[in-house]
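Written out below as structure tokens is the structure these notes cover.
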Amino acid sequence: MSLICGIDIGGTFTDCVVIDPGDGSVSIHKTASTPPNFADGLFAALGLAASERRIPVAELTANIALLAHGTTVATNALVERRGARVGLLATAGHGDAPIIMRTVGRVAGLPVADVLRFSAAAKPDPLVPRRLIREVDERIDRDGNVIVELDEEGVELAVRDLVDAGIDCLAIAFLWSFKAPAHEQRAREIARDIAPDLFITCSSELMPVIGEYERTVAAIVNNHVGPETADYLDTVEKQIGGLGGPFLIMQCNGGLTGLGHAKRAPVHLLQSGPVGGVVGSQFLGEAMGYRNIIATDMGGTTFDVGLVVDGELIRTSTTVVNQYEYFVPTVDVKSIGAGGGSIATYDEVTGSLRVGPESAGAYPGPVCYGRGGTRATVTDADLVLGVLDPTYFLGGQLELDVAGALEAVEAVGAPLGLDPYETAAGIVAIADHRMADLIRQRSIERGYDPRDFVVFTYGGAGPVHAAMYARELGARQVVVPLASAASVWSALGVGSSDVIHVYQRSQIIPVPGDPAELVQYRSELQAQALEDLEAEGFAGEDIQLDWSADMRHRSQLHVIEVPFPEGDVDGPAVEALLERFERLYERVFGSGTAFREAGVEVVMLRCTATGRVRKPVLTTEPAEPHEPPAAARGGTRDVYWGELARHEPTAVFFGDELTRGSHVEGPAVIEMPVTTVVARPGDSASVDGYGSIVMNLDTTKEGSAS
Amino acid sequence: MTGAPVWDGQSDSYIPEEPLRIDSSLALHSDTAESIDPVTYEVLRHALWSVNEEHGTTIARVSGSWFAHEAHDFNAGFLTEDAEYVFFGPQIQLFAGILDLPVKWLLENYATAPGIEDGDMFLSNDPYIGALHQPDVQLMCPVFHEGRLFCWVVNALHQYDIGGTTPGSFCANARDIYDEPTPIPPLKIVEAGVLRPDLERAYLRHSRQPRLLRFDLRAQISGNTVARDRILGLVARYGADTMKAAMRRTIDGSERAFVRRLAEIPDGTWRHESFVETAFTGDRDVYKLALTVTKDGDRLIFENEGSSPQAGAINGSFASWRAGILSVINPFFCFDQMFAIGGPLRHLEFRPTPGTINCPTYPASVSNTNIAALVAGVNANVCLGQMALTSEEIRREVFAVCGTGACPQSSFSGLDRQGNAFGTGFLDVMGGAIGAFPFRDGVDTGGSNMDPEARIVNVEEMEQQFPVMYLYRREVPDSGGAGAQRGGNSGVIAVVPHGTDAIAHTPNAAGCAVPIDVGLAGGHPGMTNAFAFQVETETRAQFAAGRLARSLEQAGGEARTILPKQTGIVQGPDDIWELTWSAAGGYGDPLLRDPGAVADDVDAGAVSVETAGSVYGVLFGPDGRTVDEAKTHTRREEVRRQRLADAKYWQGEA
């Protein structure tokens, strides 16, 4: 056996998939996460996988040819502010950059309701308090010239001082260091001599990108989560013993990396969980022949959206955690607080029905969980409508309180003269439309029409709601990937990832201009990429380099990512690059908006270097449409459908018993241990050859086409 | 000037009288579905907000300018067919006051000729009709459905330069509007979907940087187009009458919230006066901007009676006075209504005195209107803040004046070593500071209510684009107004030329002489704005010797006084330009501040040990960090006794 194992540790659950390429079987396991000792959850998951195979854990691990692991350890350390004590060395006069937070730190990443309510927003506590920030004399200018030499004595004094103050880590972030890293490097040498065990991050090495705030924060965050991440990975590595293959860690760039790099640059590990699901969608989409995918994950507290366009992941270069914005190449996943826990209220002032942004969170959660929640949530509405089975939630682990949910929902709608069922349908419609608005903005902003996309949906609440938000977008199909596996979809995504490193450095080069500069720039990045991948054991066909350039009109700040030629960079190639830039620019901003006379420049070249690893092979079977087998039939129950404005006897199916090719007409409810797939009236659902549930939406119904 | 003012935008500013007089040949879509179910309403409310967000995002992205992308100096909104606000965006809030006025003017004046038709867009920057000042160019797009005017999508975007005597178009030396950018009353620059090349050319001729203007015009057109198409998509889907019902209900909802909140507040009159210095280049006088707010049942009446007569470049248009007021109504009263200002506007009455500094008569100059506009906001912040503090429901939302009370403009320009022209402003000042709340501190360099999403640009980006080098950019300890709750601290920048031999500076400010950003309920004001110009410094020799000056004192040289509206300042290679922006007001008596919070501030470097003792009356033990309770108590009693000793009876105005 040479198994592929993907494990994703989230804040609440630890998910595990084990894929046997021999027979294409996929086994899934779910267990509670165990913060702060996350390794316990990981081994519990491996234990479940081993016991299902009736073998000892050691035998299982020996059979694992690839262990791919996404972990929330780093995110958790940052969000819970449990991270290391970090010191910062900065250029004289600029040590306040991470405190000023470009001012926007007061509201960065907050929902608009908080942006418009001044009493609700403030800057978070500083990641590095001012007493642990030291300014040293040194100055580089925009061209990389040394204007003021590094004050080495000053560095020494500052580091001694900080070490005495008890720092665990040191971030070194000087102005323009990405142009001339010598000062940062020298400062690190000095610091190493003083404190050899200090975890040190130089901003120029981690993120050689223009913008001192985001670069400095990246270095600080890397430190903040560094020691805890390293400890965790060491623990797992030691405890896991003999693995039959490599142990790789998931990054937010959508790819894996080795343990050494993960420990040195843990900033890449933050928020890799939501990314795993998008990568999994890309992977399955490729097998199914879908090039354009809107990947949606709806859980208890958040709704995450990522895009796959023309088979490629859409990335961005900054992210926000706890209102801190920093540079990191990341798959672009947008998150809003709109999960099953979103609270519905009657707004007395305006006499209207509102859903969110307040959330009941994981605790106490919806009223129906019976853990003390008293305010109606989206999940309560789902239960009232009858789409959720109170006795089969989480496979029956939690009996839901229908009466409680009904009472709470009724209270919201009564002042509006709505009965509880109308209210519940309204709550769900409002939540689903909000999600559709978010998705539409994400795609249209980037110049894509959501009608050209297939919607993938996973997470506990996604398959319940997807038919409505997807139709609202004008999409025609919804895929619940590999049915049951949708509940551990990030883990599957992690297990299907390649090793990916993104190399980029800010450098402003006017185009058209002398191509030589571009050529040299590219060959520098290329050498670095190849060196790293070869050191990790990749060679030949297993290495793939993809090139892109961030370009903009001179004097504009907004950049467009443009594919960059792999071959010769000569006059015609540069002209073609310019044309590509203009075409993409106009797709986003409208025809006639590009304006070459203003001057165009490359501001960053980017190499996305992929080292191919063993991929799970998904097996497909012929799936001739047929009626579901008898074992899959769970009778009928009354479900209230908002679009019909009445209850309707609705067929219920057991998802685990549906055979490939099983076809059902909506309205129907397909129950699975951790989620429920809802096919609305007029829609249909069938299990495809891979075992995914594919819903075809009735597009004759109203759906916003704009 | 003789006789009663005529508020038609000719001599006196345009102040619409409701209902508008719109020629009946213009067909308006005023049908509204009688009822809209609560679910459809909520779905549409969110969709409409999201359309408007898309409008704003489009402008920021297409525009080339730093003003749009980094300083958010723009806004986008949509209005009903008769120009009531539905939504506008979270960008610069002063623009809230100006998106509706020019549309109302258009409806009253151009309905027949040149006509308002499908596919048209109108450009305007006339401060007497409804711009804050000439650089804020507005683009208004009527949206038609089945031949009737359904609604309007509108935006306004600050242009770096649109002409006038000084680069940047803040013309501090203007004698009247003829020295300033020529105002453009509404002009049909897009006709039946086509951008008219003749009018565009004429428009671009106004600017020293026509390229930026060209990008921005496209940004404004794209924004309107995106919003119009999306709204029409929703109309097709939900029906025009239902959409209109959703729009009106949004306005009605925020009206109801506003009226209900007013009902909690006793009737009365609140007044605040701010004093600003230097009306134009060379002037050394001080001027009064006054605001009286009368709350009478469900109405608020605003008057500026007692303000100084119009005085020169410091004048602000009527539109900017109204805008300053609206940008406080929103956070205090509409914080949960997505700032749907249309509702409150039904209950606001503006009664300006013509010929005053904040409601001048044509052809008074107005290009520096930002000061008058912001100070109108300050006055409104104090009056409405005190008013709102009487209400248990909304007092939590009240904050003292933020650190942009008289946000200083500091434009600079010149030629770099390659001979290319450069010019922009130090937008670092948008870093502001948030005023203190009754229940918590303000936010250091946290922006202001004038721009809820304020974002200042990185030093590296500034240095990349312009030939300057920043010696420092940092927060200023002790700058925030002291109080039981502390006002946010502000920041300071200092730059030297780098890559050019000379930089011309044009400051444009007030609030350097007298603090503008006052506190509430006994809180102290924040620090003033301050310009400093240190010439013939040792900076370059210090660089060579491996040192960076952290202050002007360390840099050596000689200090030159800078007046807030001085022109002709040239910075040479050894000179330092330093700009400190004003900080936010505090809330409550500083002697009531929790000593532990003062100790935390000292530890965080936000308050000095000296200020802790002198202003907060908090004294520390031998370690310099632990509060000495006994000494603190004694010191605070001492300050109170001193206050009583210094107290004087009110003798009337001096």
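In the structure tokens, chains take the letters A, B, ... in the order shown, each chain's residues start at 1, and ligands count up from 1 in the order shown.
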
With a distance threshold of 6 Å and counting only C-alpha atoms, extract the residues of chain A near chain B and express them as a compact mmCIF listing (two decimals) with all heavy atoms, in the first residue's frame.
# COMPACT_ATOMS: atom_id res chain seq x y z
N GLY A 93 13.49 56.67 12.79
CA GLY A 93 12.39 57.53 12.34
C GLY A 93 11.17 56.77 11.86
O GLY A 93 10.13 57.36 11.59
N HIS A 94 11.29 55.43 11.72
CA HIS A 94 10.20 54.67 11.11
C HIS A 94 9.73 53.48 11.92
O HIS A 94 9.03 52.61 11.41
CB HIS A 94 10.61 54.27 9.69
CG HIS A 94 10.87 55.46 8.83
ND1 HIS A 94 9.87 56.13 8.17
CD2 HIS A 94 12.00 56.15 8.60
CE1 HIS A 94 10.39 57.18 7.53
NE2 HIS A 94 11.67 57.22 7.78
N ASP A 96 7.54 53.38 14.08
CA ASP A 96 6.11 53.40 14.38
C ASP A 96 5.25 52.79 13.27
O ASP A 96 4.03 52.66 13.45
CB ASP A 96 5.63 54.86 14.60
CG ASP A 96 5.79 55.30 16.06
OD1 ASP A 96 6.32 54.51 16.86
OD2 ASP A 96 5.39 56.43 16.38
N ARG A 102 -0.78 52.21 8.93
CA ARG A 102 -1.30 52.95 7.78
C ARG A 102 -2.72 53.47 8.07
O ARG A 102 -3.51 53.66 7.15
CB ARG A 102 -1.30 52.09 6.51
CG ARG A 102 0.10 51.75 6.04
CD ARG A 102 0.08 51.03 4.71
NE ARG A 102 -0.46 51.86 3.65
CZ ARG A 102 -0.86 51.41 2.47
NH1 ARG A 102 -0.77 50.13 2.20
NH2 ARG A 102 -1.35 52.21 1.57
N THR A 103 -3.02 53.68 9.32
CA THR A 103 -4.31 54.19 9.77
C THR A 103 -5.46 53.22 9.52
O THR A 103 -6.35 53.06 10.35
CB THR A 103 -4.61 55.56 9.11
OG1 THR A 103 -3.68 56.51 9.64
CG2 THR A 103 -6.00 56.05 9.43
N VAL A 104 -5.42 52.53 8.40
CA VAL A 104 -6.53 51.65 8.02
C VAL A 104 -6.66 50.46 8.97
O VAL A 104 -7.70 49.80 9.01
CB VAL A 104 -6.37 51.19 6.55
CG1 VAL A 104 -5.30 50.13 6.44
CG2 VAL A 104 -7.70 50.72 6.00
N ARG A 106 -7.39 50.43 11.80
CA ARG A 106 -8.55 50.59 12.68
C ARG A 106 -9.74 49.77 12.19
O ARG A 106 -10.55 49.32 13.01
CB ARG A 106 -8.94 52.07 12.77
CG ARG A 106 -9.98 52.39 13.85
CD ARG A 106 -10.29 53.88 13.90
NE ARG A 106 -10.97 54.35 12.71
CZ ARG A 106 -12.29 54.26 12.52
NH1 ARG A 106 -13.05 53.75 13.45
NH2 ARG A 106 -12.83 54.68 11.40
N LEU A 116 -18.85 51.67 9.67
CA LEU A 116 -19.71 52.84 9.75
C LEU A 116 -20.13 53.15 11.19
O LEU A 116 -20.87 54.09 11.43
CB LEU A 116 -20.96 52.64 8.88
CG LEU A 116 -20.69 52.46 7.39
CD1 LEU A 116 -21.98 52.32 6.61
CD2 LEU A 116 -19.88 53.63 6.82
N ARG A 117 -19.68 52.35 12.13
CA ARG A 117 -20.03 52.60 13.52
C ARG A 117 -18.72 52.82 14.28
O ARG A 117 -18.05 51.87 14.65
CB ARG A 117 -20.79 51.40 14.07
CG ARG A 117 -21.40 51.65 15.41
CD ARG A 117 -22.38 50.55 15.78
NE ARG A 117 -23.24 50.99 16.87
CZ ARG A 117 -24.42 50.45 17.14
NH1 ARG A 117 -24.88 49.47 16.40
NH2 ARG A 117 -25.14 50.91 18.14
N SER A 119 -17.93 53.67 17.20
CA SER A 119 -17.75 53.12 18.54
C SER A 119 -17.38 51.65 18.49
O SER A 119 -16.94 51.08 19.49
CB SER A 119 -19.05 53.29 19.34
OG SER A 119 -20.08 52.52 18.75
N ARG A 130 5.65 49.30 21.81
CA ARG A 130 6.70 50.27 21.48
C ARG A 130 7.99 50.03 22.26
O ARG A 130 9.07 50.26 21.74
CB ARG A 130 6.17 51.67 21.75
CG ARG A 130 6.70 52.68 20.77
CD ARG A 130 6.14 54.07 21.03
NE ARG A 130 5.43 54.58 19.88
CZ ARG A 130 4.16 54.94 19.90
NH1 ARG A 130 3.46 54.84 20.99
NH2 ARG A 130 3.59 55.40 18.80
N ASP A 137 20.27 53.73 13.30
CA ASP A 137 20.68 54.58 12.19
C ASP A 137 21.11 53.74 11.02
O ASP A 137 21.98 52.87 11.14
CB ASP A 137 21.84 55.48 12.63
CG ASP A 137 21.39 56.57 13.57
OD1 ASP A 137 20.99 57.63 13.08
OD2 ASP A 137 21.40 56.33 14.80
N ARG A 142 15.53 54.88 -2.64
CA ARG A 142 14.66 54.09 -3.52
C ARG A 142 15.42 53.33 -4.59
O ARG A 142 14.91 52.40 -5.17
CB ARG A 142 13.61 55.00 -4.16
CG ARG A 142 14.19 56.05 -5.10
CD ARG A 142 13.08 56.87 -5.72
NE ARG A 142 13.62 57.93 -6.57
CZ ARG A 142 12.88 58.86 -7.13
NH1 ARG A 142 11.59 58.88 -6.94
NH2 ARG A 142 13.44 59.77 -7.89
N VAL A 148 22.86 56.30 4.53
CA VAL A 148 23.49 56.30 5.85
C VAL A 148 23.93 54.87 6.14
O VAL A 148 23.15 53.93 6.01
CB VAL A 148 22.50 56.78 6.93
CG1 VAL A 148 23.13 56.71 8.32
CG2 VAL A 148 22.01 58.20 6.64
N GLU A 149 25.20 54.72 6.50
CA GLU A 149 25.72 53.39 6.81
C GLU A 149 25.03 52.82 8.05
O GLU A 149 24.56 53.57 8.91
CB GLU A 149 27.23 53.46 7.06
CG GLU A 149 28.07 53.81 5.84
CD GLU A 149 28.11 52.70 4.80
OE1 GLU A 149 27.69 51.56 5.11
OE2 GLU A 149 28.52 52.98 3.65
N GLY A 211 6.72 48.49 0.32
CA GLY A 211 5.64 48.77 1.27
C GLY A 211 6.08 48.38 2.67
O GLY A 211 5.94 47.22 3.06
N VAL A 349 -36.48 49.66 14.96
CA VAL A 349 -36.40 51.05 14.51
C VAL A 349 -36.96 51.22 13.11
O VAL A 349 -37.72 52.14 12.84
CB VAL A 349 -34.93 51.53 14.56
CG1 VAL A 349 -34.84 52.97 14.11
CG2 VAL A 349 -34.37 51.38 15.96
N THR A 350 -36.58 50.34 12.21
CA THR A 350 -37.00 50.50 10.83
C THR A 350 -38.09 49.51 10.45
O THR A 350 -38.57 49.51 9.32
CB THR A 350 -35.81 50.30 9.87
OG1 THR A 350 -35.26 49.01 10.12
CG2 THR A 350 -34.75 51.35 10.11
N SER A 352 -37.86 46.21 10.08
CA SER A 352 -37.48 45.27 9.03
C SER A 352 -36.77 44.05 9.59
O SER A 352 -36.42 43.98 10.76
CB SER A 352 -36.61 45.97 7.99
OG SER A 352 -35.54 46.63 8.62
N GLY A 426 -37.76 33.51 4.84
CA GLY A 426 -37.21 34.85 4.63
C GLY A 426 -35.79 34.96 5.14
O GLY A 426 -34.91 35.52 4.47
N ILE A 430 -32.65 35.86 2.73
CA ILE A 430 -31.78 37.03 2.95
C ILE A 430 -30.32 36.59 3.07
O ILE A 430 -29.43 37.17 2.45
CB ILE A 430 -32.23 37.81 4.21
CG1 ILE A 430 -33.57 38.50 3.93
CG2 ILE A 430 -31.18 38.84 4.62
CD1 ILE A 430 -34.27 39.05 5.18
N GLN A 556 -0.34 55.23 -11.58
CA GLN A 556 -1.46 54.53 -10.96
C GLN A 556 -0.91 53.59 -9.91
O GLN A 556 0.23 53.15 -9.99
CB GLN A 556 -2.24 53.70 -11.98
CG GLN A 556 -3.30 54.50 -12.70
CD GLN A 556 -4.21 53.61 -13.50
OE1 GLN A 556 -3.79 52.65 -14.11
NE2 GLN A 556 -5.49 53.93 -13.50
N SER A 706 -27.81 40.17 -13.87
CA SER A 706 -27.01 41.39 -14.06
C SER A 706 -25.70 41.28 -13.31
O SER A 706 -25.55 40.47 -12.42
CB SER A 706 -27.77 42.59 -13.54
OG SER A 706 -27.95 42.46 -12.15

Problem set entry | Residue contacts of region 514-516 of chain B (12 Å, only C-alpha atoms) excluding same-chain residues fewer than 3 positions away, as a ChimeraX atom specification | /B:272-278,286-289,371-372,374-379,381-382,400-408,479-481,509-511,519,524-530,581-585

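The space separating CA of Asp8 (chain B) from CA of Ile301 (chain B) comes to 20.5 Å.
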
Could you pull out the helix (DSSP H, G or I) residues of region 530-667 of chain A from DSSP and send them as a short mmCIF file (atom, residue, chain, number, x, y, z; two decimals) with N, CA, C and O atoms, in the first residue's frame?
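Now in result_14.cif:
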data_model
loop_
_atom_site.label_atom_id
_atom_site.label_comp_id
_atom_site.auth_asym_id
_atom_site.auth_seq_id
_atom_site.Cartn_x
_atom_site.Cartn_y
_atom_site.Cartn_z
N LEU A 530 14.79 27.17 -8.97
CA LEU A 530 15.33 25.84 -9.31
C LEU A 530 16.20 25.31 -8.18
O LEU A 530 16.13 24.13 -7.83
N GLU A 531 17.00 26.19 -7.60
CA GLU A 531 17.87 25.76 -6.52
C GLU A 531 17.04 25.16 -5.37
O GLU A 531 17.34 24.08 -4.88
N ASP A 532 15.99 25.88 -5.00
CA ASP A 532 15.17 25.41 -3.88
C ASP A 532 14.47 24.09 -4.20
O ASP A 532 14.46 23.16 -3.40
N LEU A 533 13.85 24.03 -5.38
CA LEU A 533 13.10 22.82 -5.71
C LEU A 533 14.03 21.62 -5.87
O LEU A 533 13.71 20.51 -5.46
N GLU A 534 15.20 21.85 -6.45
CA GLU A 534 16.15 20.74 -6.60
C GLU A 534 16.64 20.27 -5.23
O GLU A 534 16.79 19.07 -4.99
N ALA A 535 16.83 21.22 -4.34
CA ALA A 535 17.25 20.84 -2.99
C ALA A 535 16.17 20.01 -2.29
O ALA A 535 16.46 19.20 -1.42
N GLY A 540 13.64 17.67 -13.37
CA GLY A 540 13.06 17.46 -14.70
C GLY A 540 11.59 17.81 -14.80
O GLY A 540 11.16 18.91 -14.46
N GLU A 541 10.81 16.85 -15.22
CA GLU A 541 9.39 17.04 -15.52
C GLU A 541 8.56 17.44 -14.30
O GLU A 541 7.48 17.98 -14.43
N ASP A 542 9.09 17.10 -13.13
CA ASP A 542 8.33 17.38 -11.91
C ASP A 542 8.38 18.85 -11.52
O ASP A 542 7.71 19.27 -10.59
N GLY A 571 11.92 42.47 -28.20
CA GLY A 571 10.98 43.53 -28.55
C GLY A 571 9.56 43.03 -28.77
O GLY A 571 8.64 43.48 -28.09
N PRO A 572 9.36 42.07 -29.70
CA PRO A 572 7.99 41.59 -29.94
C PRO A 572 7.35 40.98 -28.69
O PRO A 572 6.16 41.14 -28.45
N ALA A 573 8.15 40.29 -27.88
CA ALA A 573 7.59 39.68 -26.68
C ALA A 573 7.12 40.75 -25.71
O ALA A 573 6.08 40.61 -25.06
N VAL A 574 7.87 41.85 -25.61
CA VAL A 574 7.48 42.93 -24.71
C VAL A 574 6.22 43.62 -25.25
O VAL A 574 5.32 43.96 -24.49
N GLU A 575 6.18 43.76 -26.57
CA GLU A 575 4.98 44.35 -27.18
C GLU A 575 3.75 43.47 -26.87
O GLU A 575 2.69 43.96 -26.53
N ALA A 576 3.95 42.16 -26.97
CA ALA A 576 2.85 41.23 -26.68
C ALA A 576 2.45 41.34 -25.22
O ALA A 576 1.26 41.27 -24.87
N LEU A 577 3.43 41.55 -24.36
CA LEU A 577 3.16 41.70 -22.93
C LEU A 577 2.29 42.93 -22.68
O LEU A 577 1.30 42.90 -21.95
N LEU A 578 2.68 44.02 -23.35
CA LEU A 578 1.91 45.26 -23.24
C LEU A 578 0.47 45.06 -23.70
O LEU A 578 -0.47 45.55 -23.08
N GLU A 579 0.32 44.36 -24.80
CA GLU A 579 -1.03 44.13 -25.32
C GLU A 579 -1.85 43.29 -24.37
O GLU A 579 -3.04 43.53 -24.17
N ARG A 580 -1.19 42.26 -23.78
CA ARG A 580 -1.90 41.44 -22.80
C ARG A 580 -2.35 42.30 -21.62
O ARG A 580 -3.46 42.17 -21.13
N PHE A 581 -1.45 43.17 -21.18
CA PHE A 581 -1.79 44.06 -20.06
C PHE A 581 -3.03 44.88 -20.40
O PHE A 581 -3.98 44.97 -19.63
N GLU A 582 -3.01 45.47 -21.60
CA GLU A 582 -4.14 46.33 -21.97
C GLU A 582 -5.44 45.55 -22.08
O GLU A 582 -6.49 46.01 -21.69
N ARG A 583 -5.32 44.33 -22.61
CA ARG A 583 -6.52 43.52 -22.77
C ARG A 583 -7.12 43.18 -21.39
O ARG A 583 -8.30 43.33 -21.15
N LEU A 584 -6.24 42.74 -20.48
CA LEU A 584 -6.72 42.38 -19.15
C LEU A 584 -7.24 43.61 -18.40
O LEU A 584 -8.24 43.57 -17.69
N TYR A 585 -6.53 44.71 -18.58
CA TYR A 585 -6.94 45.96 -17.92
C TYR A 585 -8.34 46.34 -18.36
O TYR A 585 -9.20 46.67 -17.55
N GLU A 586 -8.56 46.28 -19.66
CA GLU A 586 -9.87 46.69 -20.17
C GLU A 586 -10.96 45.69 -19.82
O GLU A 586 -12.13 46.06 -19.72
N ARG A 587 -10.57 44.44 -19.61
CA ARG A 587 -11.60 43.50 -19.21
C ARG A 587 -12.11 43.85 -17.81
O ARG A 587 -13.29 43.74 -17.52
N VAL A 588 -11.20 44.31 -16.97
CA VAL A 588 -11.61 44.66 -15.62
C VAL A 588 -12.27 46.03 -15.57
O VAL A 588 -13.26 46.24 -14.87
N PHE A 589 -11.73 46.99 -16.31
CA PHE A 589 -12.16 48.37 -16.13
C PHE A 589 -13.01 48.92 -17.27
O PHE A 589 -13.43 50.06 -17.22
N ARG A 596 -1.99 53.80 -22.95
CA ARG A 596 -0.59 53.48 -23.03
C ARG A 596 0.30 54.73 -22.93
O ARG A 596 1.41 54.68 -22.39
N GLU A 597 -0.21 55.86 -23.45
CA GLU A 597 0.60 57.08 -23.46
C GLU A 597 1.00 57.51 -22.05
O GLU A 597 1.97 58.25 -21.87
N ALA A 598 0.24 57.07 -21.06
CA ALA A 598 0.59 57.44 -19.69
C ALA A 598 1.85 56.73 -19.23
O ALA A 598 2.45 57.09 -18.23
N ALA A 630 -33.40 1.29 -3.22
CA ALA A 630 -34.37 1.31 -2.12
C ALA A 630 -33.71 1.68 -0.80
O ALA A 630 -34.28 2.40 0.02
N ALA A 631 -32.46 1.20 -0.59
CA ALA A 631 -31.78 1.45 0.67
C ALA A 631 -31.54 2.94 0.91
O ALA A 631 -31.34 3.36 2.03
N ALA A 632 -31.55 3.70 -0.19
CA ALA A 632 -31.28 5.12 -0.05
C ALA A 632 -32.53 5.92 0.26
O ALA A 632 -32.46 7.12 0.53
N GLY A 655 -27.65 9.84 1.74
CA GLY A 655 -26.58 10.10 0.77
C GLY A 655 -25.60 8.96 0.67
O GLY A 655 -25.14 8.61 -0.43
N ASP A 656 -25.28 8.33 1.80
CA ASP A 656 -24.27 7.28 1.77
C ASP A 656 -24.74 6.05 1.01
O ASP A 656 -23.93 5.22 0.60
N GLU A 657 -26.04 5.93 0.82
CA GLU A 657 -26.58 4.77 0.11
C GLU A 657 -26.87 5.04 -1.36
O GLU A 657 -27.26 4.14 -2.09
#

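Ranking A:Gln528, A:Thr301, A:Thr610, A:Gln507 by their shortest atom-to-atom distance to Gln544 (chain A), with only C-alpha atoms included, puts A:Thr610 first.
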
Exercise. When you draw a straight line from CA of Leu398 (chain A) to CA of Thr675 (chain A), how long is it in Å?
Worked result: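 Pair CA of Leu398 (chain A) / CA of Thr675 (chain A) returns 12.9 Å.
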
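Residues in contact range of Phe170 (chain B), defined as at most 7 Å between only C-alpha atoms, with sequence neighbours fewer than 3 positions away removed, read B:Thr166, B:Ser367, B:Asn368.
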
Pull all heavy atoms from the residues just selected and write them as an mmCIF file, in the first residue's frame.
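part-v2.cif, written as the output of this step:
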data_model
loop_
_atom_site.group_PDB
_atom_site.id
_atom_site.type_symbol
_atom_site.label_atom_id
_atom_site.label_comp_id
_atom_site.auth_asym_id
_atom_site.auth_seq_id
_atom_site.Cartn_x
_atom_site.Cartn_y
_atom_site.Cartn_z
ATOM 1 N N THR B 166 -2.084 78.322 -8.102
ATOM 2 C CA THR B 166 -1.049 77.470 -7.519
ATOM 3 C C THR B 166 -1.288 76.008 -7.880
ATOM 4 O O THR B 166 -2.429 75.548 -7.938
ATOM 5 C CB THR B 166 -1.051 77.579 -5.967
ATOM 6 O OG1 THR B 166 -2.408 77.576 -5.520
ATOM 7 C CG2 THR B 166 -0.386 78.844 -5.494
ATOM 8 N N SER B 367 -11.679 78.092 -3.176
ATOM 9 C CA SER B 367 -10.936 76.870 -3.516
ATOM 10 C C SER B 367 -10.304 76.202 -2.296
ATOM 11 O O SER B 367 -9.926 75.050 -2.352
ATOM 12 C CB SER B 367 -9.866 77.149 -4.576
ATOM 13 O OG SER B 367 -8.837 77.938 -4.040
ATOM 14 N N ASN B 368 -10.183 76.940 -1.193
ATOM 15 C CA ASN B 368 -9.650 76.336 0.037
ATOM 16 C C ASN B 368 -10.766 75.906 0.976
ATOM 17 O O ASN B 368 -10.586 75.881 2.175
ATOM 18 C CB ASN B 368 -8.765 77.331 0.768
ATOM 19 C CG ASN B 368 -7.525 77.623 -0.018
ATOM 20 O OD1 ASN B 368 -6.557 76.887 0.062
ATOM 21 N ND2 ASN B 368 -7.565 78.669 -0.823
#

Exercise. Distance CA of Glu553 (chain B)-CA of Thr580 (chain B), one decimal place?
Worked result: 15.3 Å

For this session: Within 8 Å of Thr61 (chain A), counting only C-alpha atoms, which residues show up once you throw out same-chain ones fewer than 6 positions away? Write them as a PyMOL selection string, please.
Result: chain A and resi 240-244

Exercise. What's the 8 Å shell around region 319-326 of chain B, counting only C-alpha atoms, without same-chain residues fewer than 6 positions away, as a PyMOL selection string?
Worked result: chain B and resi 13+93-98+101+127-133+341+350+358-359+369-370+372-378+380-381

Problem set entry | Who sits within 12 Å of Ala195 (chain A), only C-alpha atoms, same chain under 2 positions skipped, as a list in words |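 Once the nearby chain positions are removed, what remains is Glu156, Val159, Arg160, Asp161, Leu162, Val163, Asp164, Gly166, Ile167, Asp168, Cys169, Leu170, Arg188, Glu189, Ile190, Ala191, Arg192, Asp193, Asp197, Leu198, Phe199 and Ile200 of chain A.
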
When you look at Asp432 (chain A) with a cut-off of 9 Å (counting only C-alpha atoms), what residues show up, excluding the ones that are within fewer than 4 positions of it in the same chain? I need them as a compact mmCIF listing (two decimals) with C-alpha atoms, in the first residue's frame.
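Saved result, result-v1.txt, follows:
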# COMPACT_ATOMS: atom_id res chain seq x y z
CA ILE A 427 -34.19 34.47 6.89
CA VAL A 428 -32.72 31.87 4.57
CA ALA A 436 -24.66 35.77 -3.70
CA ASP A 437 -23.91 39.51 -3.50
CA HIS A 465 -27.92 26.72 0.85
CA ALA A 466 -25.95 26.44 -2.38
CA MET A 468 -30.33 29.21 -3.84
CA TYR A 469 -27.21 31.36 -3.87
CA ALA A 470 -25.92 29.65 -7.00
CA GLU A 472 -29.15 33.83 -7.70
